[in-house]
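Here is the file model.txt (compact mmCIF, C-alpha atoms).
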# COMPACT_ATOMS: atom_id res chain seq x y z
CA MET O 962 0.00 0.00 0.00
CA ARG O 963 1.55 3.29 -1.10
CA LEU O 964 0.96 6.10 1.40
CA ALA O 965 3.51 8.72 0.35
CA GLY O 966 1.75 11.95 -0.57
CA ARG O 967 -1.74 10.73 0.30
CA LYS O 968 -4.13 12.97 2.22
CA ALA O 969 -5.39 10.85 5.10
CA LEU O 970 -7.97 11.48 7.81
CA VAL O 971 -7.90 9.49 11.04
CA VAL O 972 -11.32 9.47 12.72
CA GLY O 973 -11.07 8.89 16.48
CA LEU O 974 -7.90 9.49 18.47
CA GLY O 975 -7.90 6.53 20.85
CA LYS O 976 -5.14 3.94 21.15
CA SER O 977 -5.55 2.64 17.61
CA GLY O 978 -6.06 6.15 16.20
CA VAL O 979 -2.77 7.39 17.63
CA ALA O 980 -0.96 4.36 16.23
CA ALA O 981 -2.59 4.87 12.81
CA VAL O 982 -1.45 8.51 12.72
CA ARG O 983 2.13 7.46 13.44
CA LEU O 984 2.08 4.73 10.79
CA LEU O 985 0.53 6.96 8.12
CA ALA O 986 3.00 9.77 8.77
CA ASP O 987 5.92 7.34 8.92
CA ARG O 988 5.02 6.18 5.40
CA GLY O 989 4.77 9.70 4.02
CA ALA O 990 1.06 10.55 4.27
CA ARG O 991 -0.25 13.98 5.24
CA VAL O 992 -2.47 13.24 8.25
CA ALA O 993 -5.47 15.10 9.68
CA VAL O 994 -7.43 13.99 12.76
CA ALA O 995 -11.13 14.29 13.62
CA ASP O 996 -12.52 13.50 17.06
CA ASP O 997 -15.65 14.20 19.15
CA LYS O 998 -13.56 15.44 22.07
CA LYS O 999 -12.75 19.09 22.65
CA ALA O 1000 -9.37 20.32 21.44
CA ALA O 1001 -8.16 20.89 25.02
CA ASP O 1002 -8.91 17.26 25.90
CA LEU O 1003 -7.00 16.03 22.85
CA THR O 1004 -3.86 18.07 23.51
CA PRO O 1005 -2.06 15.41 25.64
CA MET O 1006 -2.67 12.74 22.97
CA LEU O 1007 -1.50 15.02 20.16
CA GLU O 1008 1.87 15.75 21.74
CA GLY O 1009 4.58 14.66 19.33
CA LEU O 1010 2.10 13.46 16.70
CA PRO O 1011 2.71 14.65 13.12
CA VAL O 1012 -0.83 16.00 12.57
CA SER O 1013 -1.40 18.62 9.85
CA GLU O 1014 -4.97 19.54 10.86
CA LEU O 1015 -7.24 18.89 13.84
CA PHE O 1016 -11.04 18.83 13.68
CA ALA O 1017 -12.24 18.66 17.29
CA GLY O 1018 -15.63 18.74 18.96
CA GLY O 1019 -17.42 16.47 16.47
CA LEU O 1020 -17.24 15.27 12.88
CA SER O 1021 -17.90 17.69 10.06
CA GLU O 1022 -17.92 17.71 6.26
CA ALA O 1023 -14.87 19.96 6.35
CA ALA O 1024 -12.79 17.20 7.94
CA PHE O 1025 -13.51 14.86 5.01
CA ARG O 1026 -12.97 17.45 2.27
CA ASP O 1027 -10.12 16.66 -0.14
CA ARG O 1028 -9.17 13.34 1.54
CA ASP O 1029 -8.29 10.22 -0.42
CA LEU O 1030 -7.98 7.87 2.59
CA VAL O 1031 -9.99 7.64 5.81
CA VAL O 1032 -8.90 5.40 8.70
CA ALA O 1033 -11.71 4.98 11.24
CA SER O 1034 -11.07 3.85 14.80
CA PRO O 1035 -13.03 0.80 16.03
CA GLY O 1036 -15.44 2.90 18.08
CA VAL O 1037 -16.63 4.78 14.97
CA PRO O 1038 -19.62 2.99 13.35
CA PRO O 1039 -19.05 2.30 9.62
CA SER O 1040 -22.68 3.32 9.00
CA LEU O 1041 -21.91 6.91 10.01
CA PRO O 1042 -23.35 9.16 7.23
CA LEU O 1043 -20.09 11.05 6.67
CA LEU O 1044 -18.22 7.77 6.19
CA ALA O 1045 -20.90 6.50 3.81
CA GLN O 1046 -20.69 9.72 1.81
CA ALA O 1047 -16.89 9.41 1.61
CA ARG O 1048 -17.19 5.86 0.29
CA ALA O 1049 -19.76 7.02 -2.28
CA ARG O 1050 -17.20 9.55 -3.56
CA GLY O 1051 -14.67 6.76 -4.03
CA VAL O 1052 -12.63 7.53 -0.94
CA GLU O 1053 -10.97 4.47 0.61
CA VAL O 1054 -12.41 3.98 4.13
CA ILE O 1055 -10.72 1.31 6.27
CA GLY O 1056 -10.02 0.41 9.88
CA GLU O 1057 -6.69 0.63 11.69
CA VAL O 1058 -6.09 -3.14 11.69
CA GLU O 1059 -6.73 -3.24 7.93
CA LEU O 1060 -4.20 -0.44 7.44
CA ALA O 1061 -1.56 -2.21 9.51
CA SER O 1062 -2.18 -5.63 7.97
CA ARG O 1063 -1.15 -4.36 4.54
CA PHE O 1064 2.43 -3.93 5.83
CA ILE O 1065 2.73 -7.20 7.79
CA GLU O 1066 4.64 -9.95 6.00
CA GLU O 1067 4.52 -12.78 8.57
CA PRO O 1068 1.37 -14.94 8.93
CA ILE O 1069 -1.36 -13.64 11.22
CA ALA O 1070 -3.31 -15.69 13.77
CA GLY O 1071 -6.65 -13.98 14.38
CA ILE O 1072 -8.87 -14.49 17.42
CA THR O 1073 -12.41 -13.24 18.01
CA GLY O 1074 -15.47 -14.13 20.09
CA THR O 1075 -17.67 -12.47 22.69
CA ASN O 1076 -15.74 -13.91 25.61
CA GLY O 1077 -12.27 -15.38 26.00
CA LYS O 1078 -10.56 -13.71 23.05
CA SER O 1079 -7.95 -11.86 25.13
CA THR O 1080 -6.98 -15.00 27.05
CA THR O 1081 -6.83 -17.01 23.82
CA THR O 1082 -4.70 -14.32 22.17
CA ALA O 1083 -2.26 -14.17 25.07
CA LEU O 1084 -2.19 -17.96 25.39
CA THR O 1085 -1.57 -18.50 21.66
CA ALA O 1086 1.30 -16.02 21.73
CA HIS O 1087 2.71 -17.69 24.86
CA LEU O 1088 2.51 -21.17 23.30
CA LEU O 1089 4.25 -19.99 20.13
CA THR O 1090 6.95 -18.15 22.09
CA ARG O 1091 7.62 -21.24 24.22
CA SER O 1092 7.88 -23.17 20.95
CA GLY O 1093 10.72 -20.90 19.79
CA PHE O 1094 8.75 -18.54 17.53
CA SER O 1095 9.32 -14.78 17.50
CA VAL O 1096 5.87 -13.26 17.98
CA PHE O 1097 3.98 -9.96 18.23
CA ALA O 1098 0.66 -10.03 20.13
CA GLY O 1099 -1.79 -7.15 19.98
CA GLY O 1100 -4.75 -5.70 18.14
CA ASN O 1101 -7.74 -5.28 20.42
CA LEU O 1102 -5.53 -6.54 23.27
CA GLY O 1103 -2.58 -4.39 24.31
CA ASP O 1104 -0.62 -2.90 21.41
CA ALA O 1105 -2.41 -1.57 18.34
CA LEU O 1106 -1.51 -3.58 15.25
CA SER O 1107 0.08 -0.50 13.64
CA ASN O 1108 2.77 -0.61 16.33
CA ARG O 1109 3.90 -3.98 14.98
CA VAL O 1110 4.64 -2.28 11.65
CA LEU O 1111 6.36 0.70 13.24
CA ARG O 1112 8.71 -1.55 15.21
CA GLY O 1113 9.89 -3.29 12.07
CA GLY O 1114 12.04 -6.41 12.05
CA ARG O 1115 11.24 -9.96 11.00
CA LEU O 1116 8.91 -12.18 13.02
CA ASP O 1117 7.51 -15.69 12.67
CA ALA O 1118 3.92 -14.75 13.53
CA THR O 1119 1.59 -11.98 14.64
CA VAL O 1120 -1.23 -12.94 17.00
CA CYS O 1121 -4.10 -10.49 16.79
CA GLU O 1122 -7.23 -10.14 18.90
CA LEU O 1123 -10.02 -8.78 16.72
CA SER O 1124 -13.25 -7.25 18.01
CA SER O 1125 -16.45 -7.15 15.97
CA TYR O 1126 -15.87 -3.41 15.55
CA GLN O 1127 -12.43 -3.99 14.07
CA LEU O 1128 -13.68 -6.77 11.80
CA GLU O 1129 -16.27 -4.41 10.34
CA GLY O 1130 -13.38 -2.28 9.03
CA ILE O 1131 -11.37 -4.97 7.24
CA VAL O 1132 -11.10 -5.37 3.47
CA SER O 1133 -8.12 -7.60 2.70
CA LEU O 1134 -6.78 -8.61 6.13
CA ARG O 1135 -5.95 -12.32 5.90
CA CYS O 1136 -5.51 -14.67 8.84
CA ALA O 1137 -3.37 -17.73 8.16
CA ALA O 1138 -5.17 -19.24 11.15
CA ALA O 1139 -8.30 -17.82 12.76
CA THR O 1140 -10.82 -18.76 15.41
CA VAL O 1141 -14.27 -17.71 16.59
CA LEU O 1142 -14.72 -18.81 20.19
CA ASN O 1143 -18.36 -18.01 20.86
CA VAL O 1144 -21.16 -15.54 20.09
CA THR O 1145 -23.43 -14.30 22.87
CA PRO O 1146 -25.42 -11.04 23.18
CA ASP O 1147 -23.13 -8.01 23.46
CA HIS O 1148 -22.64 -4.57 21.90
CA ILE O 1149 -26.38 -4.22 21.24
CA GLU O 1150 -25.83 -0.46 20.88
CA ARG O 1151 -23.81 -1.11 17.69
CA HIS O 1152 -25.25 -4.29 16.18
CA PRO O 1153 -29.01 -4.28 15.47
CA SER O 1154 -29.35 -8.03 16.03
CA LEU O 1155 -27.44 -11.06 17.27
CA THR O 1156 -27.38 -12.28 13.67
CA SER O 1157 -25.61 -9.14 12.45
CA TYR O 1158 -23.19 -9.39 15.38
CA ALA O 1159 -22.36 -12.99 14.42
CA LYS O 1160 -21.89 -11.90 10.78
CA ALA O 1161 -19.33 -9.34 11.93
CA LYS O 1162 -17.45 -12.07 13.80
CA GLU O 1163 -17.60 -14.36 10.76
CA ARG O 1164 -15.62 -11.77 8.77
CA ILE O 1165 -12.45 -13.08 10.42
CA PHE O 1166 -12.58 -15.91 7.84
CA LEU O 1167 -13.35 -13.58 4.92
CA ASN O 1168 -9.97 -13.54 3.17
CA GLN O 1169 -8.60 -16.95 4.09
CA ARG O 1170 -7.18 -19.05 1.27
CA GLU O 1171 -6.29 -22.65 0.58
CA GLY O 1172 -3.81 -23.84 3.21
CA ASP O 1173 -5.12 -21.55 5.95
CA ALA O 1174 -6.99 -22.90 8.99
CA ALA O 1175 -10.28 -21.94 10.67
CA ALA O 1176 -10.94 -23.15 14.23
CA LEU O 1177 -14.63 -23.13 15.16
CA ASN O 1178 -16.33 -23.94 18.45
CA VAL O 1179 -19.07 -26.40 17.45
CA ALA O 1180 -20.60 -26.25 20.94
CA ASP O 1181 -21.88 -22.79 19.89
CA SER O 1182 -24.52 -23.21 17.18
CA ARG O 1183 -23.91 -19.74 15.73
CA VAL O 1184 -20.21 -20.42 15.39
CA ALA O 1185 -20.75 -23.94 14.01
CA ALA O 1186 -22.95 -22.45 11.27
CA MET O 1187 -20.27 -20.01 10.08
CA ARG O 1188 -18.97 -20.48 6.56
CA THR O 1189 -15.33 -20.89 5.61
CA ASN O 1190 -13.74 -20.59 2.17
CA PRO O 1191 -12.94 -23.55 -0.12
CA GLY O 1192 -9.55 -25.11 0.63
CA VAL O 1193 -9.41 -23.74 4.20
CA ALA O 1194 -8.79 -26.45 6.81
CA ARG O 1195 -11.89 -26.38 9.03
CA ARG O 1196 -10.70 -27.32 12.53
CA GLU O 1197 -13.73 -27.87 14.76
CA PHE O 1198 -13.36 -28.07 18.54
CA ASP O 1199 -15.78 -29.01 21.28
CA PRO O 1200 -15.19 -27.85 24.88
CA ARG O 1201 -18.13 -29.86 26.27
CA PHE O 1202 -17.44 -32.86 28.47
CA PRO O 1203 -18.37 -35.43 27.50
CA ARG O 1204 -18.21 -34.24 23.91
CA ALA O 1205 -21.40 -34.24 21.87
CA SER O 1206 -19.86 -34.01 18.40
CA GLY O 1207 -17.24 -35.64 16.26
CA ALA O 1208 -14.83 -32.70 16.54
CA PRO O 1209 -11.13 -33.69 16.35
CA ALA O 1210 -10.26 -31.33 19.24
CA TYR O 1211 -12.22 -31.81 22.46
CA ARG O 1212 -12.16 -32.33 26.22
CA THR O 1213 -11.57 -35.90 27.35
CA GLY O 1214 -11.87 -34.92 31.01
CA PRO O 1215 -12.49 -31.84 33.18
CA ARG O 1216 -8.86 -30.73 32.73
CA THR O 1217 -7.70 -32.93 29.84
CA LEU O 1218 -7.79 -32.09 26.14
CA SER O 1219 -7.26 -34.06 22.94
CA VAL O 1220 -5.98 -32.14 19.91
CA HIS O 1221 -4.99 -33.90 16.69
CA GLY O 1222 -4.77 -37.13 18.70
CA GLU O 1223 -2.35 -35.68 21.28
CA SER O 1224 -3.34 -35.37 24.94
CA TYR O 1225 -2.80 -32.17 26.96
CA GLU O 1226 -3.30 -31.40 30.66
CA LEU O 1227 -4.60 -28.07 32.01
CA ARG O 1228 -2.69 -27.90 35.28
CA ALA O 1229 -2.18 -24.12 35.66
CA ALA O 1230 -4.54 -22.25 38.02
CA THR O 1231 -4.78 -19.57 35.33
CA LEU O 1232 -6.52 -22.08 33.00
CA ARG O 1233 -9.19 -23.56 35.23
CA GLY O 1234 -12.82 -23.76 34.21
CA ALA O 1235 -14.70 -24.99 31.14
CA HIS O 1236 -14.30 -21.61 29.45
CA ASN O 1237 -10.52 -21.90 29.64
CA ALA O 1238 -10.71 -25.39 28.16
CA GLU O 1239 -12.48 -23.66 25.25
CA ASN O 1240 -9.75 -21.04 25.05
CA ALA O 1241 -6.97 -23.64 25.26
CA LEU O 1242 -8.47 -25.83 22.53
CA ALA O 1243 -8.58 -22.85 20.17
CA ALA O 1244 -5.05 -21.74 21.08
CA LEU O 1245 -3.66 -25.24 20.56
CA LEU O 1246 -5.30 -25.51 17.13
CA LEU O 1247 -3.83 -22.15 16.09
CA ALA O 1248 -0.38 -22.97 17.44
CA THR O 1249 -0.24 -26.41 15.84
CA HIS O 1250 -1.14 -24.86 12.49
CA PHE O 1251 2.06 -22.82 12.79
CA GLY O 1252 4.04 -26.00 13.48
CA ALA O 1253 4.40 -25.91 17.29
CA ARG O 1254 5.16 -29.31 18.83
CA ARG O 1255 3.42 -31.14 21.66
CA GLU O 1256 6.20 -30.98 24.29
CA ALA O 1257 6.59 -27.21 23.93
CA LEU O 1258 2.82 -26.74 23.91
CA GLN O 1259 2.35 -28.66 27.16
CA GLU O 1260 5.16 -26.68 28.77
CA GLY O 1261 3.43 -23.51 27.56
CA LEU O 1262 0.12 -24.55 29.08
CA ASP O 1263 1.84 -25.30 32.39
CA SER O 1264 3.67 -21.96 32.48
CA TYR O 1265 0.91 -19.66 31.20
CA PRO O 1266 0.89 -16.67 33.61
CA GLY O 1267 -2.66 -15.53 32.79
CA LEU O 1268 -3.96 -12.05 32.14
CA PRO O 1269 -4.79 -9.49 34.81
CA HIS O 1270 -8.45 -9.31 35.87
CA ARG O 1271 -9.43 -12.67 34.36
CA LEU O 1272 -9.71 -15.25 37.17
CA GLU O 1273 -6.47 -13.75 38.45
CA PRO O 1274 -5.25 -15.25 41.76
CA VAL O 1275 -4.47 -12.38 44.13
CA ARG O 1276 -3.55 -14.13 47.38
CA THR O 1277 -4.49 -16.95 49.73
CA LEU O 1278 -5.11 -15.82 53.31
CA ASP O 1279 -5.99 -18.25 56.12
CA GLY O 1280 -6.98 -20.84 53.56
CA VAL O 1281 -9.22 -18.43 51.61
CA GLU O 1282 -8.36 -17.81 47.96
CA TRP O 1283 -9.07 -14.31 46.63
CA ILE O 1284 -9.70 -14.11 42.86
CA ASN O 1285 -9.89 -10.98 40.69
CA ASP O 1286 -12.26 -11.50 37.75
CA SER O 1287 -13.08 -7.84 37.12
CA LYS O 1288 -13.07 -8.44 33.35
CA ALA O 1289 -16.33 -10.43 33.77
CA THR O 1290 -18.52 -7.51 32.72
CA ASN O 1291 -21.50 -9.55 31.49
CA VAL O 1292 -23.61 -12.43 32.77
CA ASP O 1293 -22.17 -14.95 30.32
CA SER O 1294 -18.65 -14.27 31.62
CA VAL O 1295 -19.72 -14.79 35.23
CA GLU O 1296 -21.46 -18.01 34.23
CA LYS O 1297 -18.17 -19.32 32.89
CA SER O 1298 -16.14 -18.08 35.84
CA LEU O 1299 -18.47 -19.58 38.45
CA SER O 1300 -18.32 -22.94 36.72
CA ALA O 1301 -14.58 -23.03 37.46
CA PHE O 1302 -15.36 -23.60 41.16
CA GLU O 1303 -17.31 -26.44 42.72
CA ARG O 1304 -18.19 -24.95 46.12
CA GLY O 1305 -17.48 -22.32 48.77
CA VAL O 1306 -17.73 -19.17 46.61
CA VAL O 1307 -18.27 -15.80 48.28
CA LEU O 1308 -19.32 -13.83 45.21
CA ILE O 1309 -18.94 -10.06 44.78
CA MET O 1310 -21.21 -8.76 42.00
CA GLY O 1311 -22.45 -5.39 40.79
CA GLY O 1312 -21.65 -2.18 39.00
CA LYS O 1313 -23.30 -0.47 36.05
CA GLY O 1314 -25.74 -3.02 34.64
CA LYS O 1315 -26.05 -3.76 30.94
CA GLY O 1316 -29.78 -4.50 30.97
CA ALA O 1317 -29.42 -8.28 30.67
CA PRO O 1318 -31.16 -10.49 33.28
CA TYR O 1319 -29.12 -12.09 36.05
CA ALA O 1320 -31.49 -15.04 36.37
CA PRO O 1321 -29.38 -17.31 34.09
CA LEU O 1322 -26.91 -17.52 37.00
CA ARG O 1323 -29.46 -19.09 39.35
CA SER O 1324 -28.72 -22.69 38.35
CA LEU O 1325 -25.03 -22.18 39.17
CA PHE O 1326 -25.62 -20.95 42.72
CA LYS O 1327 -26.85 -24.21 44.27
CA GLY O 1328 -24.04 -25.93 46.19
CA ARG O 1329 -21.48 -23.52 44.74
CA VAL O 1330 -22.14 -19.99 46.06
CA GLU O 1331 -22.34 -19.60 49.82
CA ALA O 1332 -22.81 -15.81 50.01
CA LEU O 1333 -23.54 -12.92 47.64
CA LEU O 1334 -22.15 -9.42 48.23
CA THR O 1335 -23.52 -6.68 45.98
CA ILE O 1336 -21.95 -3.35 45.01
CA GLY O 1337 -22.66 -0.44 42.70
CA GLU O 1338 -25.57 0.87 40.69
CA ASP O 1339 -27.25 -2.47 39.89
CA ALA O 1340 -26.94 -3.96 43.40
CA GLU O 1341 -30.68 -3.81 44.12
CA ARG O 1342 -31.63 -5.55 40.87
CA ILE O 1343 -29.04 -8.30 41.44
CA GLU O 1344 -30.46 -8.90 44.91
CA GLN O 1345 -34.01 -9.04 43.51
CA GLU O 1346 -33.07 -11.71 40.97
CA LEU O 1347 -30.58 -13.78 43.00
CA GLY O 1348 -30.89 -12.77 46.65
CA ASP O 1349 -33.35 -15.50 47.60
CA LEU O 1350 -30.79 -18.22 46.85
CA VAL O 1351 -28.05 -17.42 49.41
CA PRO O 1352 -27.40 -14.93 52.23
CA THR O 1353 -27.03 -11.57 50.47
CA THR O 1354 -25.50 -8.33 51.75
CA SER O 1355 -25.66 -4.94 50.05
CA CYS O 1356 -22.17 -3.51 50.48
CA LYS O 1357 -22.42 -0.40 48.27
CA ASP O 1358 -18.70 -0.31 47.45
CA LEU O 1359 -15.74 -2.65 46.97
CA LEU O 1360 -14.00 -1.87 50.27
CA ARG O 1361 -17.08 -2.81 52.29
CA ALA O 1362 -17.59 -5.93 50.18
CA CYS O 1363 -14.02 -7.09 50.82
CA THR O 1364 -14.35 -6.34 54.53
CA GLU O 1365 -17.55 -8.41 54.69
CA ALA O 1366 -15.97 -11.21 52.66
CA ARG O 1367 -13.04 -11.34 55.08
CA ARG O 1368 -15.50 -11.66 57.96
CA ILE O 1369 -17.60 -14.51 56.55
CA ALA O 1370 -15.17 -16.55 54.40
CA ARG O 1371 -13.72 -19.68 55.96
CA SER O 1372 -10.73 -21.85 55.06
CA GLY O 1373 -11.46 -23.57 51.75
CA SER O 1374 -13.66 -20.71 50.50
CA VAL O 1375 -13.02 -18.58 47.42
CA VAL O 1376 -13.74 -14.85 47.38
CA LEU O 1377 -14.53 -14.09 43.75
CA LEU O 1378 -14.94 -10.60 42.30
CA SER O 1379 -16.94 -11.35 39.15
CA PRO O 1380 -19.23 -8.34 38.69
CA ALA O 1381 -21.40 -9.15 35.60
CA CYS O 1382 -21.51 -5.36 35.14
CA ALA O 1383 -19.56 -2.51 33.65
CA SER O 1384 -17.45 -0.49 36.06
CA TYR O 1385 -18.24 3.09 35.05
CA ASP O 1386 -20.50 3.85 37.99
CA GLN O 1387 -17.59 3.76 40.46
CA PHE O 1388 -14.40 3.22 38.45
CA LYS O 1389 -12.68 4.39 35.25
CA ASN O 1390 -12.79 0.91 33.70
CA PHE O 1391 -12.65 -2.77 34.63
CA GLU O 1392 -8.86 -2.54 35.02
CA ASP O 1393 -9.24 0.23 37.58
CA ARG O 1394 -11.82 -1.85 39.46
CA GLY O 1395 -9.56 -4.92 39.43
CA GLU O 1396 -6.51 -2.98 40.59
CA ARG O 1397 -8.52 -1.48 43.44
CA PHE O 1398 -9.70 -4.97 44.45
CA LYS O 1399 -6.12 -6.26 44.48
CA GLU O 1400 -4.94 -3.27 46.49
CA ILE O 1401 -7.64 -3.83 49.13
CA VAL O 1402 -7.05 -7.59 49.29
CA ARG O 1403 -3.28 -7.25 49.70
CA ARG O 1404 -3.81 -4.94 52.69
CA ILE O 1405 -6.20 -7.27 54.51
CA GLU O 1406 -4.78 -8.73 57.71

As structure tokens - that is how I would like this structure written.
Amino acid sequence: MRLAGRKALVVGLGKSGVAAVRLLADRGARVAVADDKKAADLTPMLEGLPVSELFAGGLSEAAFRDRDLVVASPGVPPSLPLLAQARARGVEVIGEVELASRFIEEPIAGITGTNGKSTTTALTAHLLTRSGFSVFAGGNLGDALSNRVLRGGRLDATVCELSSYQLEGIVSLRCAAATVLNVTPDHIERHPSLTSYAKAKERIFLNQREGDAAALNVADSRVAAMRTNPGVARREFDPRFPRASGAPAYRTGPRTLSVHGESYELRAATLRGAHNAENALAALLLATHFGARREALQEGLDSYPGLPHRLEPVRTLDGVEWINDSKATNVDSVEKSLSAFERGVVLIMGGKGKGAPYAPLRSLFKGRVEALLTIGEDAERIEQELGDLVPTTSCKDLLRACTEARRIARSGSVVLLSPACASYDQFKNFEDRGERFKEIVRRIE
């Protein structure tokens, strides 16, 4: 892709927008930026960026005038009228990952799904690294994909987490190996239906060719129904136990997997639970497509350090294990996290609700959850839907919830922060909430 001399507009100056500006300018484009934020709020992000023009405080026709390339950040809907008008004029409109992918020479492993994609991305990269591959991991997780290009050098693989928003902005991005983990209701503010959301996820297979591989979770009917291109190796996996399909990759036991006829054990605490068996099956299929061998893969599974805020062990105090699962911002995530424990869970839930019912968690409470502590904006609704099952205490905030958990938890119990809610009522983001939880827990005596 030739960028020298082109007049580019980057819409949205978040993490990926900043990286796109740097990549465009590095390759000789003249770059303007448009963003909804006020100019004063954008000043810290603009420092050191080679931006020729800034259009702040909202999008306008003036920002798009005389451009021949528009790079939209993931948070910008492709249906936006100004973007549609630019496309109608013949202007190339793409996303940041599409831009970056045109400069990446090594094969890309792509991961998407409603839940588990960050863990699967990190795990795939870890497995490949332990197998001796030089790897970049990023995209929706961590580093923007454009930063891979800016760093230069030769690598064996790039592992890229892709959100539905990012997949809407691809044109030619090709994944040598790709997976869709699952599709459950999410991002209803962007996608008009679950079907359209699934279609966005399916785009990860769009440009695959003969010799590439597609790993699909056949336990999810929406994923199992996704189409792959002729000549692409369709690698189905089934995380159910016992398995209910003929998939070649599946669970043979609660913590045992079979992939291509090889057996793997999930011994690390960072990979417990049925949802992490799902993540591990996908990661193993991706890594084996790149040529990773069984011994290195098992060592990688054993040494996987986990990601912060995803069933993250914080400490064990007087026989009580404290677990930070702040990333569980929807009911489906909590469902998967709870299933990782058989009994003795003191559960901290709450925050800014997403409108989904909490009732689907009821079947998981019996014999597993011994107390429920609620926090945040949706505490009352959580108590209404689940409070009749176990002793429930409204704690308002995280400090009080941890104090109460310390009082009631006994040796053998697990204190689990798994909110099922967004964090914006009391925290900046789920990371802020998780860090606060860890800070409180580490100070408990």

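Closest approach to Glu1260 of chain O among O:Leu1227, O:Ala1370, O:Leu1128, O:Ile1401 is made by O:Leu1227 (distances from all atoms listed in the file).
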
Give me, as a list in words, all polymer residues having an atom no more than 12 Å from Thr1145 of chain O, counting all atoms listed in the file and skipping those fewer than 6 positions away in the same chain.
Gly1074, Thr1075, Asn1076, Gly1077, Ser1154, Leu1155, Thr1156, Ser1157, Tyr1158, Ala1159, Lys1162, Asp1181, Ser1182, Arg1183, Val1184, Asn1291, Val1292, Asp1293, Ser1294 and Ala1317 of chain O

Find the residues around segment 1082-1095 of chain O up to 8 Å (all atoms listed in the file counted), leave out those fewer than 6 positions away in its own chain, and share them as a PyMOL selection string.
chain O and resi 1072+1102+1116-1118+1120-1122+1241+1244-1245+1247-1248+1253-1254+1257-1258+1260-1262+1265+1267-1268

Interatomic distance (Å, one decimal) between atom CA of Ile1343 of chain O and atom CA of Glu1282 of chain O
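Pair atom CA of Ile1343 of chain O / atom CA of Glu1282 of chain O returns 23.7 Å.
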
Would you work out the distance separating atom CA of Leu1322 of chain O from atom CA of Ala1161 of chain O, expressed in Å to one decimal?
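Result for atom CA of Leu1322 of chain O versus atom CA of Ala1161 of chain O: 27.4 Å, one decimal.
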
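Atom CA of Arg1204 of chain O to atom CA of Leu1232 of chain O spans 19.2 Å [interatomic distance, one decimal].
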
Shell around Ala1210 of chain O at 6 Å using all atoms listed in the file, local window under 2 positions removed, as a ChimeraX atom specification:
/O:1198,1208,1219-1220

Skipping near chain neighbours, those fewer than 3 positions away, what residues fall within 10 Å of Arg1063 of chain O using only C-alpha atoms, listed as a ChimeraX atom specification?
/O:962-963,1058-1060,1066,1107,1110,1133-1135

Can you pull out the residues contacting Gly1280 of chain O? Cut-off 10 Å, using all atoms listed in the file, and skip same-chain residues under 3 positions away; I want them as a count of residues only.
9

Which is closer to Glu1331 of chain O than all the others in O:Arg1404, O:Arg1195, O:Lys1315, O:Arg1304, using all atoms listed in the file?
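Answer, going by the shortest atom-to-atom distance: O:Arg1304.
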
Choose the residue, out of O:Arg1361, O:Asp1349, O:Arg1216, O:Leu1377, that has the smallest atom-to-atom separation from Ala1289 of chain O; count all atoms listed in the file.
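Closest to Ala1289 of chain O of all the choices is O:Leu1377.
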
Show me the residues around (-8.6, 20.3, 10.2) - criterion: an atom at most 7 Å away, all atoms listed in the file counted - as a list in words.
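The distance filter leaves exactly Ala993, Val994, Glu1014, Leu1015, Phe1016 and Ala1024 of chain O.
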
O:Leu1043, O:Leu1359, O:Leu1246, O:Ala1381: which is nearest Pro1321 of chain O, counting only C-alpha atoms?
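Among the listed residues, the smallest separation from Pro1321 of chain O belongs to O:Ala1381.
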
In terms of the shortest atom-to-atom distance over all atoms listed in the file, which of O:Val992, O:Leu1347, O:Ala1362, O:Ala1176 is closest to Arg1188 of chain O?
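Smallest distance to Arg1188 of chain O is found for O:Ala1176.
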
Taking all atoms of segment 1198-1208 of chain O that the file lists and extending 6 Å past them on each side, where is the centre of the axis-aligned box and how long are its edges? Answer in Å to one decimal, as lines of an AutoDock Vina configuration file.
center_x = -17.4
center_y = -31.7
center_z = 22.4
size_x = 20.0
size_y = 19.8
size_z = 24.2
